[in-house]
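Undergrad: Please find protein.csv (CSV, C-alpha atoms) on the next line:
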```csv
chain,number,residue,atom,x,y,z
H,1,MET,CA,58.1,-132.4,43.7
H,2,PHE,CA,61.6,-133.0,45.1
H,3,PRO,CA,62.1,-133.9,48.8
H,4,VAL,CA,64.6,-131.9,50.8
H,5,ARG,CA,64.2,-133.2,54.3
H,6,ASP,CA,61.8,-134.8,56.7
H,7,SER,CA,60.8,-133.6,60.2
H,8,ILE,CA,61.8,-136.7,62.1
H,9,PRO,CA,65.1,-136.4,64.0
H,10,THR,CA,67.6,-139.2,63.7
H,11,ARG,CA,67.6,-141.0,67.1
H,12,THR,CA,70.4,-143.5,66.4
H,13,VAL,CA,73.3,-143.6,64.0
H,14,PRO,CA,71.9,-145.0,60.8
H,15,VAL,CA,75.0,-147.2,60.2
H,16,VAL,CA,73.3,-149.4,57.5
H,17,THR,CA,72.0,-146.5,55.5
H,18,ARG,CA,75.3,-144.8,55.6
H,19,ALA,CA,77.1,-148.0,54.6
H,20,LEU,CA,74.7,-148.6,51.7
H,21,ILE,CA,75.3,-145.0,50.4
H,22,LEU,CA,79.1,-145.5,50.8
H,23,ILE,CA,79.1,-148.9,48.9
H,24,ASN,CA,76.9,-147.4,46.1
H,25,ALA,CA,79.3,-144.5,45.8
H,26,VAL,CA,82.4,-146.7,45.7
H,27,VAL,CA,80.9,-148.9,43.0
H,28,PHE,CA,79.8,-145.9,41.0
H,29,PHE,CA,83.3,-144.4,41.0
H,30,PHE,CA,84.6,-147.9,39.9
H,31,GLU,CA,82.1,-147.7,37.0
H,32,LEU,CA,83.6,-144.3,36.1
H,33,ALA,CA,87.1,-145.6,36.3
H,34,VAL,CA,86.9,-148.7,34.1
H,35,PRO,CA,87.1,-148.7,30.3
H,36,LYS,CA,83.8,-148.5,28.4
H,37,ASP,CA,84.0,-152.1,27.2
H,38,VAL,CA,84.7,-153.4,30.7
H,39,LEU,CA,81.8,-151.4,32.1
H,40,GLU,CA,79.5,-152.9,29.5
H,41,GLN,CA,80.5,-156.4,30.6
H,42,VAL,CA,80.0,-155.4,34.3
H,43,VAL,CA,76.5,-154.0,33.6
H,44,TYR,CA,75.4,-157.2,31.7
H,45,LEU,CA,76.9,-159.5,34.3
H,46,PHE,CA,75.7,-157.8,37.4
H,47,GLY,CA,72.6,-156.0,36.1
H,48,ILE,CA,69.2,-157.5,35.7
H,49,VAL,CA,68.8,-158.9,32.1
H,50,PRO,CA,65.2,-160.4,32.0
H,51,ALA,CA,66.1,-162.9,29.2
H,52,ARG,CA,69.0,-164.3,31.2
H,53,LEU,CA,66.8,-165.0,34.2
H,54,MET,CA,63.9,-166.4,32.2
H,55,ASP,CA,65.8,-168.4,29.6
H,56,PRO,CA,68.9,-170.1,31.2
H,57,GLY,CA,69.5,-172.1,28.0
H,58,TRP,CA,69.9,-168.9,26.0
H,59,ALA,CA,72.0,-167.4,28.7
H,60,ALA,CA,74.4,-170.3,28.6
H,61,GLU,CA,74.7,-170.1,24.8
H,62,VAL,CA,75.7,-166.5,24.9
H,63,GLY,CA,78.2,-167.0,27.7
H,64,PHE,CA,76.3,-165.8,30.8
H,65,PRO,CA,77.1,-167.9,34.0
H,66,VAL,CA,74.3,-170.4,34.5
H,67,GLY,CA,72.3,-169.8,37.6
H,68,SER,CA,73.6,-166.3,38.1
H,69,TYR,CA,70.7,-165.1,40.2
H,70,TRP,CA,73.0,-163.1,42.3
H,71,SER,CA,72.3,-160.3,39.9
H,72,LEU,CA,69.1,-159.8,41.8
H,73,LEU,CA,71.3,-158.4,44.5
H,74,THR,CA,74.2,-156.9,42.6
H,75,HIS,CA,72.1,-154.8,40.3
H,76,GLN,CA,71.1,-152.7,43.4
H,77,PHE,CA,74.6,-151.3,43.6
H,78,LEU,CA,75.1,-150.2,40.0
H,79,HIS,CA,73.9,-146.9,38.6
H,80,GLY,CA,73.6,-145.4,35.1
H,81,GLY,CA,74.8,-141.9,35.7
H,82,TRP,CA,75.3,-139.0,38.1
H,83,LEU,CA,71.6,-138.1,38.2
H,84,HIS,CA,70.6,-141.7,38.8
H,85,ILE,CA,72.9,-142.3,41.8
H,86,ILE,CA,72.4,-138.8,43.4
H,87,SER,CA,68.6,-138.9,43.3
H,88,ASN,CA,68.6,-142.5,44.7
H,89,MET,CA,71.1,-141.8,47.5
H,90,TRP,CA,69.4,-138.5,48.4
H,91,ALA,CA,66.1,-140.3,48.9
H,92,LEU,CA,67.8,-143.0,50.9
H,93,TRP,CA,69.5,-140.4,53.1
H,94,ILE,CA,66.2,-138.6,53.8
H,95,PHE,CA,64.0,-141.6,54.5
H,96,GLY,CA,66.3,-144.5,55.3
H,97,ASP,CA,67.5,-143.4,58.7
H,98,ASN,CA,64.1,-143.4,60.3
H,99,VAL,CA,63.0,-146.7,58.8
H,100,GLU,CA,66.3,-148.2,60.0
H,101,HIS,CA,65.8,-146.8,63.5
H,102,ARG,CA,62.3,-148.1,63.8
H,103,ILE,CA,62.9,-151.7,62.6
H,104,GLY,CA,66.5,-152.1,63.7
H,105,HIS,CA,69.8,-152.2,61.8
H,106,PHE,CA,70.0,-155.9,60.8
H,107,ARG,CA,66.3,-156.1,60.0
H,108,TYR,CA,66.6,-153.0,57.9
H,109,LEU,CA,69.4,-154.4,55.8
H,110,ILE,CA,67.4,-157.5,55.1
H,111,PHE,CA,64.3,-155.4,54.4
H,112,TYR,CA,66.2,-153.2,52.0
H,113,LEU,CA,67.8,-156.0,50.0
H,114,LEU,CA,64.6,-158.1,50.0
H,115,THR,CA,62.4,-155.3,48.7
H,116,GLY,CA,65.1,-154.7,46.0
H,117,ILE,CA,65.0,-158.3,44.9
H,118,LEU,CA,61.2,-158.3,44.8
H,119,ALA,CA,61.2,-155.1,42.8
H,120,SER,CA,63.6,-156.6,40.2
H,121,LEU,CA,61.3,-159.7,40.0
H,122,ALA,CA,58.4,-157.4,39.3
H,123,HIS,CA,60.4,-155.8,36.6
H,124,VAL,CA,61.3,-159.1,35.0
H,125,ALA,CA,57.8,-160.4,35.2
H,126,THR,CA,56.2,-157.4,33.6
H,127,SER,CA,59.0,-157.2,31.0
H,128,VAL,CA,58.2,-160.8,29.9
H,129,MET,CA,54.4,-160.4,30.0
H,130,PHE,CA,54.1,-157.1,28.2
H,131,ALA,CA,57.2,-156.8,25.9
H,132,THR,CA,56.2,-156.4,22.3
H,133,ASP,CA,59.8,-156.6,21.1
H,134,PRO,CA,61.9,-159.6,22.3
H,135,SER,CA,65.0,-157.5,22.1
H,136,SER,CA,63.8,-155.4,25.0
H,137,LEU,CA,64.4,-158.4,27.2
H,138,LEU,CA,68.1,-158.0,26.6
H,139,ILE,CA,68.2,-154.5,28.1
H,140,PRO,CA,70.0,-154.6,31.5
H,141,SER,CA,68.3,-152.8,34.4
H,142,LEU,CA,70.3,-151.5,37.4
H,143,GLY,CA,70.0,-149.2,40.4
H,144,ALA,CA,68.9,-149.0,44.0
H,145,SER,CA,65.5,-147.5,43.0
H,146,GLY,CA,63.5,-150.7,43.7
H,147,ALA,CA,65.0,-151.1,47.2
H,148,ILE,CA,64.6,-147.4,47.9
H,149,SER,CA,61.0,-147.6,46.8
H,150,GLY,CA,60.6,-150.3,49.4
H,151,VAL,CA,62.0,-147.9,52.0
H,152,LEU,CA,59.5,-145.3,50.9
H,153,GLY,CA,56.7,-147.8,51.3
H,154,GLY,CA,57.8,-148.7,54.8
H,155,TYR,CA,58.2,-145.0,55.7
H,156,LEU,CA,54.7,-144.2,54.5
H,157,LEU,CA,53.1,-146.9,56.6
H,158,MET,CA,55.1,-146.0,59.7
H,159,PHE,CA,55.1,-142.2,59.5
H,160,PRO,CA,52.2,-141.2,57.3
H,161,THR,CA,51.5,-137.8,58.8
H,162,ARG,CA,55.1,-136.6,59.5
H,163,ARG,CA,56.0,-133.5,57.5
H,164,VAL,CA,58.3,-133.7,54.5
H,165,THR,CA,59.9,-130.5,53.1
H,166,VAL,CA,59.7,-130.5,49.3
H,167,ILE,CA,60.4,-128.2,46.4
H,168,LEU,CA,57.1,-127.6,44.6
H,169,PHE,CA,57.0,-125.2,41.7
H,170,ARG,CA,60.3,-123.7,42.9
H,171,PHE,CA,59.0,-123.1,46.4
H,172,LEU,CA,59.8,-124.8,49.6
H,173,THR,CA,56.8,-126.2,51.4
H,174,ASP,CA,55.9,-128.8,54.0
H,175,VAL,CA,53.5,-131.6,53.2
H,176,PRO,CA,52.5,-134.8,55.1
H,177,ALA,CA,54.5,-137.9,54.1
H,178,TYR,CA,51.4,-139.5,52.6
H,179,VAL,CA,51.1,-136.5,50.2
H,180,ALA,CA,54.8,-136.4,49.1
H,181,ILE,CA,55.2,-140.2,48.8
H,182,GLY,CA,51.6,-140.6,47.5
H,183,ILE,CA,52.2,-138.2,44.6
H,184,TRP,CA,55.5,-140.0,43.8
H,185,PHE,CA,53.7,-143.4,43.7
H,186,ALA,CA,50.9,-142.1,41.6
H,187,PHE,CA,53.4,-140.9,39.0
H,188,GLN,CA,55.1,-144.3,39.0
H,189,LEU,CA,51.8,-146.0,38.6
H,190,ILE,CA,50.5,-143.8,35.8
H,191,SER,CA,53.8,-144.0,34.0
H,192,GLY,CA,53.9,-147.8,34.4
H,193,LEU,CA,50.4,-148.2,33.1
H,194,ASN,CA,51.1,-146.1,30.1
H,195,LEU,CA,53.9,-148.4,29.2
H,196,LEU,CA,51.9,-151.6,29.2
H,197,GLY,CA,52.1,-153.2,25.8
H,198,GLY,CA,55.4,-151.4,25.0
H,199,GLY,CA,57.8,-152.8,27.5
H,200,THR,CA,58.3,-151.6,31.1
H,201,GLN,CA,61.1,-149.1,30.7
H,202,MET,CA,61.0,-145.6,29.3
H,203,GLY,CA,64.0,-143.3,29.3
H,204,GLY,CA,65.9,-145.9,31.3
H,205,VAL,CA,63.3,-146.0,34.1
H,206,ALA,CA,61.9,-149.3,35.2
H,207,TYR,CA,58.6,-148.2,36.6
H,208,ALA,CA,57.5,-151.8,37.4
H,209,ALA,CA,60.4,-152.1,39.7
H,210,HIS,CA,59.5,-148.9,41.6
H,211,ILE,CA,55.9,-150.1,42.0
H,212,GLY,CA,56.9,-153.6,43.0
H,213,GLY,CA,59.4,-152.4,45.5
H,214,PHE,CA,57.0,-149.9,47.0
H,215,VAL,CA,54.2,-152.5,47.4
H,216,ALA,CA,56.7,-154.9,48.9
H,217,GLY,CA,57.8,-152.3,51.4
H,218,LEU,CA,54.2,-151.6,52.4
H,219,VAL,CA,53.6,-155.3,53.0
H,220,LEU,CA,56.9,-156.4,54.5
H,221,VAL,CA,57.4,-153.6,57.0
H,222,LYS,CA,54.6,-155.0,59.1
H,223,VAL,CA,56.5,-158.3,59.4
H,224,PHE,CA,59.8,-156.5,60.1
H,225,THR,CA,58.3,-154.5,63.0
H,226,ILE,CA,57.1,-157.5,64.8
H,227,GLY,CA,58.6,-157.5,68.3
H,228,ARG,CA,59.8,-153.9,68.0
H,229,SER,CA,58.6,-151.3,70.6
H,230,ARG,CA,56.4,-148.6,69.2
H,231,PRO,CA,56.2,-150.1,65.7
H,232,TYR,CA,54.2,-147.1,64.3
H,233,ALA,CA,54.3,-143.4,64.9
```
As structure tokens - that is how I would like this structure written.

TA:
Amino acid sequence: MFPVRDSIPTRTVPVVTRALILINAVVFFFELAVPKDVLEQVVYLFGIVPARLMDPGWAAEVGFPVGSYWSLLTHQFLHGGWLHIISNMWALWIFGDNVEHRIGHFRYLIFYLLTGILASLAHVATSVMFATDPSSLLIPSLGASGAISGVLGGYLLMFPTRRVTVILFRFLTDVPAYVAIGIWFAFQLISGLNLLGGGTQMGGVAYAAHIGGFVAGLVLVKVFTIGRSRPYA
């Protein structure tokens, strides 16, 4: 199931959503432009490396900056390839504008970044708890997927019955948001549970981050709509 569009018109200019997409695009083209060895350093410095966050002593020994928790933010703007960034930015484009309109521009930016941070912490925690191979803790994780999962969680809670056009078995069809996003979350949950005991990434996908970001979005959107008119549709 692939989302194509939603049925909610954009009521205000989604300046934050557009800015986030632009920043991600600029960073991605930077990744394409730099030499491979430089890119590897960038990914390890600005991506999420569980061992670095959980073992500062080891991080200092191998040359990572001590206390480099800013990677909880910076990893959200790095991507591992064309499919990775296009799928993320497409989902942000479809669902982000309405969440931004409902909770406000500044609140939306904080909501986005915070759910991304909480998603990465979920990934780190599950990596440490369930990794059977210590070397898996050295694998960097990157991408906006955790933050966008938070946006999906917020969208689901605020617009559960709004129609979303999706591609299903090569056909275009309209389904309620709770069906489209619910199926997506069920896939993340099943895939994540299948990985317990063998790390939390498969094929480069950090399912724990998706689940953590989604749950964070569900919970936090109630806080971020306090004081806003018509908080729910």

Undergrad: Find the spatial neighbours of Ala144 of chain H, counting all atoms listed in the file, within a cut-off of 7 Å - ignore same-chain residues fewer than 2 positions away - and output them as a ChimeraX atom specification.

TA: /H:76-77,88,146-148

Undergrad: Now that the selection is made, can you save its residues with C-alpha atoms as a CSV table (one decimal), in the coordinates of the input?

TA:
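Just written: selection.csv:
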```
chain,number,residue,atom,x,y,z
H,76,GLN,CA,71.1,-152.7,43.4
H,77,PHE,CA,74.6,-151.3,43.6
H,88,ASN,CA,68.6,-142.5,44.7
H,146,GLY,CA,63.5,-150.7,43.7
H,147,ALA,CA,65.0,-151.1,47.2
H,148,ILE,CA,64.6,-147.4,47.9
```

Undergrad: Distance atom CA of Thr161 of chain H-atom CA of Val175 of chain H, one decimal place?

TA: 8.6 Å

Undergrad: How many Å separate atom CA of Glu31 of chain H from atom CA of Pro50 of chain H?

TA: 21.7 Å

Undergrad: Show which residues sit within 12 Å of Phe159 of chain H, as an NGL selection string. Count all atoms listed in the file, and ignore same-chain residues fewer than 6 positions away.

TA: :H and (6-8 or 95 or 98-99 or 102 or 151-153 or 176-181 or 218 or 221 or 230-233)

Undergrad: Can you work out which one of H:Ile117, H:Thr225, H:Met129, H:Phe29 has the shortest atom-to-atom distance to Gly212 of chain H, counting all atoms listed in the file?

TA: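 Result for the nearest residue to Gly212 of chain H: H:Ile117.
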
Undergrad: Within 12 Å of segment 15-27 of chain H, counting all atoms listed in the file, which residues show up once you throw out same-chain ones fewer than 4 positions away? Write them as an MDAnalysis selection string, please.

TA: chainID H and resid 10:11 31:34 39 42:43 46 74:82 84:101 103:113 142:145 147:148 151
